[in-house]
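Novice: Provided below: upload_32.cif, containing mmCIF, C-alpha atoms and all ligand atoms.
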```cif
data_model
#
loop_
_atom_site.label_atom_id
_atom_site.label_comp_id
_atom_site.auth_asym_id
_atom_site.auth_seq_id
_atom_site.Cartn_x
_atom_site.Cartn_y
_atom_site.Cartn_z
CA MET A 21 0.00 0.00 0.00
CA ILE A 22 1.56 3.25 -1.13
CA LEU A 23 0.54 6.60 0.35
CA THR A 24 0.04 9.23 -2.38
CA GLU A 25 0.78 12.88 -1.71
CA LYS A 26 -2.94 13.68 -1.95
CA ASP A 27 -3.89 11.11 0.71
CA PHE A 28 -0.93 12.15 2.88
CA ASN A 29 -2.13 15.76 2.75
CA PHE A 30 -5.62 14.62 3.71
CA PHE A 31 -4.30 12.76 6.81
CA ARG A 32 -2.02 15.67 7.63
CA SER A 33 -4.78 18.25 7.63
CA LEU A 34 -7.04 15.90 9.59
CA ILE A 35 -4.55 15.32 12.44
CA TYR A 36 -3.94 19.07 12.52
CA GLN A 37 -7.67 19.77 12.87
CA LEU A 38 -8.14 17.03 15.47
CA ALA A 39 -5.04 17.41 17.63
CA GLY A 40 -3.12 20.49 16.48
CA ILE A 41 -0.29 18.18 15.38
CA SER A 42 1.68 19.60 12.42
CA LEU A 43 3.35 16.89 10.34
CA SER A 44 6.09 17.97 7.93
CA SER A 45 6.46 16.33 4.48
CA ALA A 46 9.31 14.30 6.00
CA LYS A 47 6.72 12.36 8.01
CA ARG A 48 5.11 10.70 4.97
CA GLU A 49 6.72 7.30 5.56
CA LEU A 50 5.82 7.38 9.22
CA VAL A 51 2.17 8.11 8.40
CA GLN A 52 2.21 5.38 5.74
CA SER A 53 3.52 2.72 8.10
CA ARG A 54 1.26 3.70 11.01
CA LEU A 55 -1.97 3.92 9.03
CA ARG A 56 -1.34 0.96 6.72
CA SER A 57 -2.05 -1.70 9.32
CA ARG A 58 -5.11 0.20 10.53
CA ALA A 59 -6.59 0.33 6.99
CA GLN A 60 -5.72 -3.33 6.46
CA SER A 61 -7.33 -4.37 9.73
CA LEU A 62 -10.52 -2.68 8.53
CA GLY A 63 -10.34 -4.89 5.40
CA MET A 64 -9.20 -2.09 3.10
CA GLU A 65 -6.70 -2.46 0.27
CA SER A 66 -5.75 1.17 -0.30
CA PHE A 67 -5.33 4.44 1.60
CA GLU A 68 -7.91 5.92 -0.75
CA GLU A 69 -10.53 3.58 0.75
CA TYR A 70 -9.50 4.65 4.26
CA VAL A 71 -9.77 8.33 3.23
CA LYS A 72 -13.30 7.74 1.85
CA TYR A 73 -14.24 5.87 5.05
CA LEU A 74 -13.02 8.72 7.29
CA GLU A 75 -14.75 11.32 5.10
CA GLY A 76 -18.06 9.52 5.63
CA LEU A 77 -17.80 9.24 9.44
CA PRO A 78 -19.88 11.33 11.84
CA ASP A 79 -18.03 13.70 14.22
CA LYS A 80 -18.47 11.23 17.07
CA HIS A 81 -17.08 7.84 16.08
CA GLU A 82 -14.56 5.54 17.75
CA GLU A 83 -12.38 5.53 14.62
CA TRP A 84 -11.27 9.11 15.40
CA GLU A 85 -9.73 7.86 18.64
CA SER A 86 -7.77 5.13 16.82
CA PHE A 87 -6.69 7.60 14.13
CA ILE A 88 -5.35 10.07 16.72
CA ASN A 89 -3.71 7.33 18.81
CA LEU A 90 -1.87 6.06 15.72
CA LEU A 91 -0.43 9.45 14.80
CA THR A 92 0.87 10.51 18.21
CA THR A 93 4.49 9.85 19.18
CA ASN A 94 4.74 8.71 22.78
CA LYS A 95 8.46 8.39 23.47
CA THR A 96 9.16 9.00 27.15
CA ASP A 97 11.51 7.82 29.91
CA TRP A 98 11.90 7.65 33.66
CA PHE A 99 13.69 10.76 34.96
CA ARG A 100 13.82 12.22 31.45
CA GLU A 101 15.84 15.47 31.50
CA PRO A 102 16.88 14.88 35.12
CA GLN A 103 17.95 18.51 35.65
CA HIS A 104 14.25 19.35 35.97
CA PHE A 105 13.82 17.01 38.92
CA ASP A 106 16.94 18.42 40.57
CA TYR A 107 15.50 21.90 40.01
CA ILE A 108 12.25 20.87 41.72
CA VAL A 109 14.02 19.51 44.79
CA GLU A 110 16.79 22.09 45.12
CA LYS A 111 15.16 25.33 43.90
CA PHE A 112 11.41 25.05 43.38
CA LEU A 113 10.27 23.32 46.59
CA PRO A 114 12.35 25.31 49.10
CA THR A 115 11.09 28.59 47.59
CA TRP A 116 7.51 27.36 47.10
CA MET A 117 7.40 26.32 50.78
CA THR A 118 8.17 29.89 51.91
CA GLN A 119 4.55 30.71 50.93
CA GLY A 120 3.33 28.50 53.78
CA LYS A 121 1.05 26.44 51.51
CA LYS A 122 0.17 22.92 52.59
CA HIS A 123 -0.89 21.44 49.23
CA LEU A 124 0.92 21.32 45.89
CA ASP A 125 -1.00 20.95 42.62
CA VAL A 126 0.85 19.71 39.56
CA TRP A 127 -0.30 19.25 35.95
CA CYS A 128 1.61 16.95 33.68
CA ALA A 129 0.05 17.95 30.36
CA ALA A 130 1.32 15.29 27.95
CA SER A 131 1.93 12.38 30.24
CA SER A 132 2.26 9.58 27.66
CA THR A 133 2.65 6.13 29.27
CA GLY A 134 3.07 7.57 32.78
CA GLU A 135 6.82 7.59 33.39
CA GLU A 136 6.84 11.39 33.73
CA PRO A 137 4.01 11.80 36.29
CA TYR A 138 5.26 8.80 38.28
CA THR A 139 8.80 10.22 38.27
CA LEU A 140 7.33 13.43 39.67
CA SER A 141 5.40 11.50 42.28
CA LEU A 142 8.52 9.55 43.33
CA VAL A 143 10.47 12.79 43.70
CA LEU A 144 7.72 14.72 45.53
CA ASN A 145 6.91 11.80 47.82
CA HIS A 146 10.55 11.65 48.88
CA ALA A 147 11.12 15.40 49.14
CA LEU A 148 7.90 16.20 51.04
CA LYS A 149 8.11 13.31 53.52
CA GLY A 150 7.44 14.52 57.07
CA LYS A 151 6.80 18.11 55.95
CA GLY A 152 3.00 18.01 56.34
CA ILE A 153 2.47 18.92 52.69
CA THR A 154 0.19 16.92 50.38
CA TYR A 155 0.40 16.87 46.58
CA LYS A 156 -1.67 15.83 43.61
CA ILE A 157 -0.60 15.32 40.01
CA VAL A 158 -3.16 15.62 37.23
CA ALA A 159 -1.76 13.72 34.25
CA THR A 160 -3.36 14.13 30.83
CA ASP A 161 -2.76 13.10 27.26
CA ILE A 162 -4.82 13.03 24.08
CA ASP A 163 -3.94 9.37 23.43
CA THR A 164 -6.31 6.96 25.20
CA ARG A 165 -4.05 3.97 24.62
CA VAL A 166 -1.13 5.47 26.58
CA LEU A 167 -3.46 6.72 29.30
CA SER A 168 -4.67 3.22 29.92
CA GLN A 169 -1.09 1.86 30.09
CA ALA A 170 -0.20 4.66 32.51
CA ASN A 171 -3.19 3.92 34.67
CA ASN A 172 -2.12 0.27 34.90
CA GLY A 173 1.19 1.37 36.40
CA VAL A 174 3.01 -1.78 35.29
CA TYR A 175 6.39 -1.41 33.57
CA SER A 176 9.18 -3.54 32.23
CA LYS A 177 12.21 -3.83 34.53
CA ASP A 178 14.37 -3.21 31.43
CA LYS A 179 14.35 0.49 32.23
CA LEU A 180 14.89 0.19 35.98
CA TRP A 181 18.42 1.52 35.42
CA GLN A 182 16.90 4.93 34.58
CA ILE A 183 15.55 5.22 38.13
CA PRO A 184 18.02 6.30 40.85
CA GLU A 185 18.34 3.66 43.57
CA ILE A 186 16.81 5.86 46.29
CA TYR A 187 13.53 5.87 44.37
CA GLN A 188 13.36 2.18 43.43
CA ASP A 189 11.43 1.32 46.59
CA GLY A 190 8.45 3.04 44.93
CA PHE A 191 7.88 -0.19 42.95
CA SER A 192 6.78 -3.72 43.78
CA MET A 193 9.11 -6.02 41.91
CA GLY A 194 7.58 -8.99 40.12
CA THR A 195 8.92 -12.46 40.84
CA GLY A 196 8.49 -15.89 39.23
CA GLU A 197 6.40 -15.70 36.06
CA ILE A 198 6.18 -11.91 36.25
CA ALA A 199 9.84 -11.37 37.12
CA ALA A 200 10.29 -9.06 34.12
CA TRP A 201 7.79 -6.53 35.48
CA MET A 202 7.49 -3.95 38.21
CA LYS A 203 4.44 -2.11 39.51
CA VAL A 204 4.15 1.42 40.87
CA LYS A 205 3.23 1.16 44.57
CA PRO A 206 -0.09 2.70 45.77
CA ALA A 207 1.83 5.26 47.88
CA ILE A 208 3.16 6.74 44.61
CA LYS A 209 0.26 5.97 42.26
CA SER A 210 -2.53 7.32 44.49
CA HIS A 211 -1.28 10.90 43.98
CA VAL A 212 -1.68 10.70 40.19
CA GLU A 213 -5.03 11.14 38.47
CA TYR A 214 -5.26 10.43 34.72
CA GLY A 215 -7.64 11.94 32.21
CA GLN A 216 -7.87 12.62 28.50
CA LEU A 217 -7.23 16.19 27.43
CA ASN A 218 -6.57 17.63 23.99
CA LEU A 219 -4.13 20.52 24.33
CA SER A 220 -5.46 22.08 21.12
CA HIS A 221 -8.84 22.56 22.79
CA ILE A 222 -8.50 25.80 24.73
CA PRO A 223 -9.45 26.98 27.33
CA TYR A 224 -8.57 24.14 29.66
CA PRO A 225 -10.89 23.15 32.49
CA TRP A 226 -8.84 24.76 35.31
CA GLU A 227 -8.11 28.33 36.33
CA ASN A 228 -5.45 29.53 38.83
CA THR A 229 -4.98 25.93 39.95
CA PHE A 230 -1.50 24.52 39.40
CA ASP A 231 1.74 25.35 41.20
CA LEU A 232 3.79 23.42 38.69
CA VAL A 233 3.03 22.69 35.04
CA PHE A 234 4.98 20.10 33.05
CA CYS A 235 4.46 20.39 29.30
CA ARG A 236 7.51 18.66 27.91
CA ASN A 237 8.26 17.25 24.47
CA VAL A 238 4.84 17.99 23.03
CA LEU A 239 5.17 21.61 21.82
CA ILE A 240 7.57 20.28 19.15
CA TYR A 241 4.57 18.73 17.38
CA PHE A 242 2.71 22.04 17.16
CA ASN A 243 3.08 25.04 14.83
CA PRO A 244 3.99 28.48 16.30
CA GLN A 245 0.34 29.61 16.38
CA THR A 246 -0.75 26.49 18.31
CA ILE A 247 2.25 26.77 20.67
CA GLN A 248 1.22 30.34 21.47
CA SER A 249 -2.38 29.39 22.30
CA VAL A 250 -1.29 26.32 24.30
CA VAL A 251 1.19 28.20 26.50
CA GLU A 252 -1.33 31.00 27.14
CA GLY A 253 -3.91 28.32 27.98
CA LEU A 254 -1.42 26.79 30.44
CA TYR A 255 -0.78 30.22 31.96
CA HIS A 256 -4.45 30.59 32.90
CA THR A 257 -4.47 27.20 34.63
CA ALA A 258 -1.47 28.19 36.75
CA GLN A 259 -1.58 29.82 40.18
CA LYS A 260 0.27 33.01 40.99
CA ASN A 261 3.95 32.05 41.46
CA ALA A 262 3.69 28.90 39.36
CA VAL A 263 6.49 27.37 37.29
CA LEU A 264 6.22 25.95 33.76
CA LEU A 265 8.69 23.36 32.54
CA ILE A 266 9.08 22.60 28.85
CA ALA A 267 11.72 20.37 27.26
CA HIS A 268 15.27 21.60 26.74
CA SER A 269 14.81 21.15 22.98
CA GLU A 270 11.83 23.50 23.07
CA SER A 271 11.80 27.26 23.55
CA LEU A 272 9.31 30.09 23.89
CA GLN A 273 11.85 32.56 22.54
CA ASN A 274 9.75 33.58 19.54
CA VAL A 275 6.41 33.15 21.27
CA LYS A 276 4.39 36.06 22.61
CA THR A 277 3.61 34.83 26.10
CA SER A 278 2.79 35.98 29.60
CA TRP A 279 5.25 33.40 31.06
CA LYS A 280 8.52 34.95 32.17
CA TYR A 281 11.78 33.29 31.21
CA GLN A 282 13.83 32.07 34.18
CA LYS A 283 16.39 29.84 32.49
CA PRO A 284 16.39 27.44 29.52
CA SER A 285 13.15 25.40 29.57
CA ILE A 286 11.87 27.01 32.82
CA TYR A 287 9.26 29.81 32.88
CA LEU A 288 7.52 31.66 35.69
CA LYS A 289 4.23 33.27 36.54
CA GLY A 290 4.93 35.93 39.17
CA ASN A 291 8.20 36.89 40.84
CA LEU A 292 8.70 34.38 43.63
CA PHE A 293 11.37 32.22 41.98
C1 LIG A 301 6.91 12.55 23.06
S1 LIG A 301 5.60 12.34 24.22
C2 LIG A 301 6.24 13.24 25.62
C3 LIG A 301 5.90 12.57 26.92
C4 LIG A 301 6.45 13.27 28.15
N1 LIG A 301 5.91 14.56 28.35
C5 LIG A 301 7.95 13.35 28.10
O1 LIG A 301 8.52 14.42 27.96
O2 LIG A 301 8.60 12.27 28.22
C6 LIG A 301 4.37 13.45 23.56
C7 LIG A 301 2.96 13.17 24.07
O3 LIG A 301 2.12 14.26 23.68
C8 LIG A 301 0.84 13.74 23.39
N2 LIG A 301 0.10 14.68 22.55
C9 LIG A 301 0.26 14.98 21.25
N3 LIG A 301 -0.64 15.87 20.84
C10 LIG A 301 -1.40 16.17 21.92
C11 LIG A 301 -2.49 17.03 22.14
N4 LIG A 301 -3.02 17.78 21.16
N5 LIG A 301 -3.04 17.09 23.37
C12 LIG A 301 -2.53 16.34 24.39
N6 LIG A 301 -1.49 15.50 24.24
C13 LIG A 301 -0.93 15.42 23.01
C14 LIG A 301 1.14 12.41 22.70
O4 LIG A 301 0.03 11.53 22.75
C15 LIG A 301 2.35 11.91 23.49
O5 LIG A 301 1.98 11.01 24.49
#
```
Could the structure of this file be written out as structure tokens, please?
Specialist:
Amino acid sequence: MILTEKDFNFFRSLIYQLAGISLSSAKRELVQSRLRSRAQSLGMESFEEYVKYLEGLPDKHEEWESFINLLTTNKTDWFREPQHFDYIVEKFLPTWMTQGKKHLDVWCAASSTGEEPYTLSLVLNHALKGKGITYKIVATDIDTRVLSQANNGVYSKDKLWQIPEIYQDGFSMGTGEIAAWMKVKPAIKSHVEYGQLNLSHIPYPWENTFDLVFCRNVLIYFNPQTIQSVVEGLYHTAQKNAVLLIAHSESLQNVKTSWKYQKPSIYLKGNLF
């Protein structure tokens, strides 16, 4: 099955309309390989048939979910960009605590398979122990397949090496037949609440809520106009004195935004930090 330019452009404009994801021409092969098996599993022999099928679907149909899930890229890791977690422990928390607050609200806005929100929970659980401060992490993604994996909280031990030893007690280690797996313990998992949220649908359902907003490695899929609306949308969900973390490969340098630059990949609302 070969993807023609016309069909590629159709899929491209569709994923842009549905999820704000901008795919460059270089992504043609990726789209071809990801959508081929979907079309085949629906008994179709060409992309043209799949295009006609999608064109005939009502706005609410389960195929849209599969289509979006197939075109998202979900690469993530435990303790990805570890400087951010050091920043939280060494700079963010000590300063945030000077406000005398007793509860910390975090939004992890493109949480993929859960490694990022669970990393945050491991770090916060450790750093806030005995301090009388509670925390909650709202973790969202557009992709329902990754949300369900994240909610399961079961991971391969292959990547255990990414997790510093002091945090490894946050997992129950499988033995016997399930020796290859580990499970996030309730003490870590219970702080994380998953839900589906499309970042291209603004405004978001919170206002002045979060102390910390993680929106890492997702802005790269958006065009400048979408990035601008997303980061302004995030700003409104953040409390006074909140911090926004984006990935080191991302920047708001050319974006008109209310967030104030602190240092590469870290932005502030207010003057506390
Ligand atoms: C590369 S992963 C990044 C995961 C994690 N934040 C990290 O840095 O490791 C990008 C995630 O963004 C999600 N995503 C893409 N478009 C989205 C949208 N419009 N709304 C919400 N999530 C989206 C994808 O489903 C994917 O799980």
Novice: Select the residues contacting ligand LIG 301 (chain A) at a distance of at most 8 Å, based on all atoms listed in the file, then format the selection as a ChimeraX atom specification.
Specialist: /A:38-41,89,92-98,100,128-133,135-136,160-163,166,216-221,234-238,241-242,267
Novice: For A:Glu270, which residue among A:Phe99, A:Tyr287, A:Tyr155, A:Tyr70 is the nearest when counting only C-alpha atoms?
Specialist: A:Tyr287
Novice: For a test of reading the model, state the distance in Å between atom CA of A:Phe87 and atom CA of A:Leu55, rounded to one decimal.
Specialist: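 Between atom CA of A:Phe87 and atom CA of A:Leu55 the gap is 7.9 Å.
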Novice: Leaving out stretch 121-126 of chain A and any residue of its chain fewer than 3 positions from it, which residues lie within 9 Å of it when counting all atoms listed in the file, given as an MDAnalysis selection string?
Specialist: chainID A and resid 116:118 151:159 229:234
Novice: With distances taken over all atoms listed in the file, which residue among A:Val263, A:Leu34, A:Leu254, A:Ile240 lies nearest A:Pro223?
Specialist: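 Ranking A:Val263, A:Leu34, A:Leu254, A:Ile240 by distance to A:Pro223, first place goes to A:Leu254.
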Novice: When you draw a straight line from atom CA of A:Leu148 to atom CA of A:Leu113, how long is it in Å?
Specialist: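 Distance between the two atoms: 8.7 Å.
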Novice: Kindly indicate which residue among A:Gln60, A:Glu110, A:Ser33, A:Thr24 lies nearest to A:Arg48, using all atoms listed in the file for the distances.
Specialist: A:Thr24
Novice: Could you tell me how far atom CA of A:Leu91 sits from atom CA of A:Phe105, in Å to one decimal place?
Specialist: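 Atom-to-atom, atom CA of A:Phe105 and atom CA of A:Leu91 are spaced 29.0 Å apart.
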Novice: Between A:Ser285, A:Thr195, A:Ser176, A:Ser42, which is the closest to A:Ser271 once you count all atoms listed in the file?
Specialist: A:Ser285
Novice: If we count all atoms listed in the file and set the cut-off at 10 Å, which residues sit around A:Ile186, ignoring sequence neighbours fewer than 3 positions away in its own chain? Please answer as a list in words.
Specialist: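 Listed by chain and then number, they are Leu142, Val143, His146, Ile183, Asp189 and Gly190 of chain A.
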Novice: Mind giving me the axis-aligned box for stretch 146-152 of chain A with 4 Å on every side, centre plus edges in Å to one decimal, as JSON?
Specialist:
```
{"center_x": 7.1, "center_y": 14.9, "center_z": 53.0, "size_x": 16.1, "size_y": 14.5, "size_z": 16.2}
```
Novice: Choose the residue, out of A:Tyr255, A:Lys47, A:Gln248, A:Trp84, that has the smallest atom-to-atom separation from A:Lys280; count all atoms listed in the file.
Specialist: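 Among the listed residues, the smallest separation from A:Lys280 belongs to A:Tyr255.
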